[in-house]
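So the structure is just underneath, and the comments pick up after that.
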Amino acid sequence: MNKLPYYILSLLNYIATLYVIGTSLLISVSIFFVGVLANQYMLLRGVQAITGENQKKSFFLVLKFFILIAVFIFAMITMKKHLLILTFSYIFQLIILVLSIKRNR
């Protein structure tokens, strides 16, 4: 994974989301983003485990789904008005992850 573009684009995504939602929800948006980034980390670990010989693959992928569910439940409770923006931000974060993955050629 190309970490520098991932970090830069993720930071820009975070700042743009915070700008659109407003700084009054700084802590809530930060918790949402930490959860999204943890979700993506578990996805990467799960994929690495599938392609390797490690048998912990189901643990990472199951944990990934629990993190994602928890993050969106948290968003529904704390930022009800901004769910559409947060969903678009999550989708954009997935695009950032895809663009940051190195291809083996």
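The way I read the labels, and the way they are meant: chains A, B, ... in the order of the structure tokens, residue 1 as the first residue of every chain, and ligand 1 as the first ligand shown, with later ones counted on from there.
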
Which residues of segment 77-104 of chain A come within 10 Å of segment 22-46 of chain A, and for each one, what is the closest pair of atoms and their distance in Å to one decimal, counting only C-alpha atoms, sorted by chain and residue number, as a Markdown table?
```
| residue | atom | partner | partner_atom | distance |
| --- | --- | --- | --- | --- |
| A:Thr78 | CA | A:Ser28 | CA | 7.0 |
| A:Met79 | CA | A:Ser28 | CA | 7.6 |
| A:Leu86 | CA | A:Phe32 | CA | 8.4 |
| A:Ser89 | CA | A:Phe33 | CA | 9.2 |
| A:Tyr90 | CA | A:Val36 | CA | 7.1 |
| A:Gln93 | CA | A:Val36 | CA | 8.1 |
| A:Leu94 | CA | A:Gln40 | CA | 8.0 |
| A:Leu97 | CA | A:Gln40 | CA | 7.8 |
| A:Ile101 | CA | A:Leu44 | CA | 9.7 |
```

Exercise. Quick one: residues within 12 Å of Leu12 of chain A, only C-alpha atoms counted, chain neighbours fewer than 5 positions away excluded, as JSON, numbers by chain?
Worked result: {"A": [5, 6, 7, 17, 18, 19, 33, 89, 92, 93, 96]}

Can you write just those residues out, N, CA, C and O atoms, as a tab-separated table (two decimals), in the first residue's frame?
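Written file, result-v6.tsv:
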```tsv
chain	number	residue	atom	x	y	z
A	5	PRO	N	0.19	8.70	-0.12
A	5	PRO	CA	-1.07	9.20	-0.72
A	5	PRO	C	-2.28	8.84	0.14
A	5	PRO	O	-3.22	9.64	0.23
A	6	TYR	N	-2.27	7.67	0.75
A	6	TYR	CA	-3.39	7.27	1.60
A	6	TYR	C	-3.55	8.24	2.76
A	6	TYR	O	-4.66	8.69	3.05
A	7	TYR	N	-2.46	8.55	3.44
A	7	TYR	CA	-2.53	9.46	4.58
A	7	TYR	C	-2.95	10.87	4.16
A	7	TYR	O	-3.77	11.50	4.83
A	17	THR	N	-14.85	16.70	5.35
A	17	THR	CA	-16.04	16.27	6.08
A	17	THR	C	-16.28	17.18	7.29
A	17	THR	O	-17.41	17.59	7.55
A	18	LEU	N	-15.24	17.50	7.99
A	18	LEU	CA	-15.35	18.38	9.14
A	18	LEU	C	-15.80	19.78	8.71
A	18	LEU	O	-16.61	20.41	9.39
A	19	TYR	N	-15.32	20.24	7.57
A	19	TYR	CA	-15.73	21.55	7.06
A	19	TYR	C	-17.22	21.57	6.72
A	19	TYR	O	-17.92	22.52	7.03
A	33	PHE	N	-14.14	8.83	12.04
A	33	PHE	CA	-13.01	8.58	11.15
A	33	PHE	C	-12.03	7.56	11.71
A	33	PHE	O	-11.49	6.76	10.97
A	89	SER	N	-18.55	10.29	2.70
A	89	SER	CA	-17.17	10.34	3.17
A	89	SER	C	-16.58	8.93	3.30
A	89	SER	O	-15.43	8.70	2.94
A	92	PHE	N	-15.91	7.65	-0.18
A	92	PHE	CA	-14.70	8.29	-0.69
A	92	PHE	C	-13.46	7.69	-0.04
A	92	PHE	O	-12.43	7.51	-0.69
A	93	GLN	N	-13.56	7.36	1.24
A	93	GLN	CA	-12.43	6.73	1.93
A	93	GLN	C	-12.13	5.36	1.34
A	93	GLN	O	-10.97	4.96	1.24
A	96	ILE	N	-10.21	5.99	-1.75
A	96	ILE	CA	-8.82	6.32	-1.39
A	96	ILE	C	-8.03	5.06	-1.12
A	96	ILE	O	-6.89	4.91	-1.57
```

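Checking A:Val62, A:Ala16, A:Ile85, A:Val98 one by one against Lys3 of chain A, counting only C-alpha atoms, you find the shortest gap at A:Val98.
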
For this session: Extract the full set of alpha helix (DSSP H) residues from chain A according to DSSP on the backbone, and format it as a PyMOL selection string.
Result: chain A and resi 3-21+26-51+57-78+83-100

Once you have the residues from the selection above, write them out as an mmCIF file, in the first residue's frame, restricted to C-alpha atoms.
```cif
data_model
loop_
_atom_site.group_PDB
_atom_site.id
_atom_site.type_symbol
_atom_site.label_atom_id
_atom_site.label_comp_id
_atom_site.auth_asym_id
_atom_site.auth_seq_id
_atom_site.Cartn_x
_atom_site.Cartn_y
_atom_site.Cartn_z
ATOM 1 C CA LYS A 3 0.985 5.032 2.596
ATOM 2 C CA LEU A 4 1.802 8.662 1.763
ATOM 3 C CA PRO A 5 -1.069 9.195 -0.718
ATOM 4 C CA TYR A 6 -3.392 7.270 1.596
ATOM 5 C CA TYR A 7 -2.528 9.461 4.579
ATOM 6 C CA ILE A 8 -2.705 12.719 2.620
ATOM 7 C CA LEU A 9 -6.003 11.906 0.919
ATOM 8 C CA SER A 10 -7.489 10.573 4.168
ATOM 9 C CA LEU A 11 -6.529 13.778 5.952
ATOM 10 C CA LEU A 12 -8.105 15.836 3.153
ATOM 11 C CA ASN A 13 -11.253 13.697 3.371
ATOM 12 C CA TYR A 14 -11.374 14.247 7.135
ATOM 13 C CA ILE A 15 -10.901 18.008 6.795
ATOM 14 C CA ALA A 16 -13.525 18.261 4.033
ATOM 15 C CA THR A 17 -16.042 16.273 6.083
ATOM 16 C CA LEU A 18 -15.348 18.382 9.143
ATOM 17 C CA TYR A 19 -15.726 21.550 7.055
ATOM 18 C CA VAL A 20 -19.098 20.455 5.669
ATOM 19 C CA ILE A 21 -20.466 19.197 9.005
ATOM 20 C CA LEU A 26 -15.256 17.661 16.023
ATOM 21 C CA ILE A 27 -15.101 14.804 18.535
ATOM 22 C CA SER A 28 -17.927 12.848 16.901
ATOM 23 C CA VAL A 29 -16.445 13.206 13.413
ATOM 24 C CA SER A 30 -13.027 12.223 14.767
ATOM 25 C CA ILE A 31 -14.433 9.087 16.408
ATOM 26 C CA PHE A 32 -16.234 8.232 13.155
ATOM 27 C CA PHE A 33 -13.007 8.583 11.151
ATOM 28 C CA VAL A 34 -10.927 6.577 13.597
ATOM 29 C CA GLY A 35 -13.529 3.820 13.300
ATOM 30 C CA VAL A 36 -13.469 3.980 9.498
ATOM 31 C CA LEU A 37 -9.674 3.818 9.453
ATOM 32 C CA ALA A 38 -9.708 0.889 11.908
ATOM 33 C CA ASN A 39 -12.246 -0.810 9.638
ATOM 34 C CA GLN A 40 -9.936 -0.408 6.658
ATOM 35 C CA TYR A 41 -6.943 -1.634 8.650
ATOM 36 C CA MET A 42 -8.862 -4.788 9.567
ATOM 37 C CA LEU A 43 -9.817 -5.214 5.918
ATOM 38 C CA LEU A 44 -6.160 -5.040 4.868
ATOM 39 C CA ARG A 45 -5.142 -7.491 7.615
ATOM 40 C CA GLY A 46 -7.953 -9.856 6.627
ATOM 41 C CA VAL A 47 -6.925 -9.790 2.969
ATOM 42 C CA GLN A 48 -3.282 -10.356 3.923
ATOM 43 C CA ALA A 49 -4.348 -13.318 6.042
ATOM 44 C CA ILE A 50 -6.382 -14.782 3.184
ATOM 45 C CA THR A 51 -3.473 -14.521 0.761
ATOM 46 C CA LYS A 57 -8.450 -14.363 8.480
ATOM 47 C CA SER A 58 -11.968 -14.740 9.798
ATOM 48 C CA PHE A 59 -11.105 -12.869 13.003
ATOM 49 C CA PHE A 60 -10.013 -9.717 11.151
ATOM 50 C CA LEU A 61 -12.903 -9.763 8.711
ATOM 51 C CA VAL A 62 -15.493 -10.346 11.439
ATOM 52 C CA LEU A 63 -13.933 -7.610 13.574
ATOM 53 C CA LYS A 64 -14.032 -5.324 10.521
ATOM 54 C CA PHE A 65 -17.806 -5.703 10.222
ATOM 55 C CA PHE A 66 -18.362 -5.114 13.944
ATOM 56 C CA ILE A 67 -16.263 -1.942 13.800
ATOM 57 C CA LEU A 68 -18.184 -0.696 10.758
ATOM 58 C CA ILE A 69 -21.548 -1.415 12.372
ATOM 59 C CA ALA A 70 -20.485 0.270 15.613
ATOM 60 C CA VAL A 71 -19.223 3.367 13.789
ATOM 61 C CA PHE A 72 -22.442 3.842 11.848
ATOM 62 C CA ILE A 73 -24.608 3.214 14.913
ATOM 63 C CA PHE A 74 -22.539 5.845 16.711
ATOM 64 C CA ALA A 75 -23.055 8.223 13.762
ATOM 65 C CA MET A 76 -26.814 7.563 13.758
ATOM 66 C CA ILE A 77 -27.006 8.444 17.447
ATOM 67 C CA THR A 78 -24.734 11.488 17.500
ATOM 68 C CA LEU A 83 -25.603 10.603 7.840
ATOM 69 C CA LEU A 84 -25.620 11.211 4.089
ATOM 70 C CA ILE A 85 -22.428 13.262 4.288
ATOM 71 C CA LEU A 86 -20.773 10.614 6.465
ATOM 72 C CA THR A 87 -21.817 7.867 4.069
ATOM 73 C CA PHE A 88 -20.312 9.756 1.128
ATOM 74 C CA SER A 89 -17.170 10.342 3.170
ATOM 75 C CA TYR A 90 -16.941 6.602 3.908
ATOM 76 C CA ILE A 91 -17.376 5.756 0.223
ATOM 77 C CA PHE A 92 -14.702 8.295 -0.687
ATOM 78 C CA GLN A 93 -12.427 6.735 1.930
ATOM 79 C CA LEU A 94 -12.927 3.341 0.258
ATOM 80 C CA ILE A 95 -11.938 4.895 -3.062
ATOM 81 C CA ILE A 96 -8.822 6.322 -1.394
ATOM 82 C CA LEU A 97 -7.938 2.851 -0.105
ATOM 83 C CA VAL A 98 -8.367 1.294 -3.551
ATOM 84 C CA LEU A 99 -6.231 3.987 -5.181
ATOM 85 C CA SER A 100 -3.513 3.537 -2.548
#
```
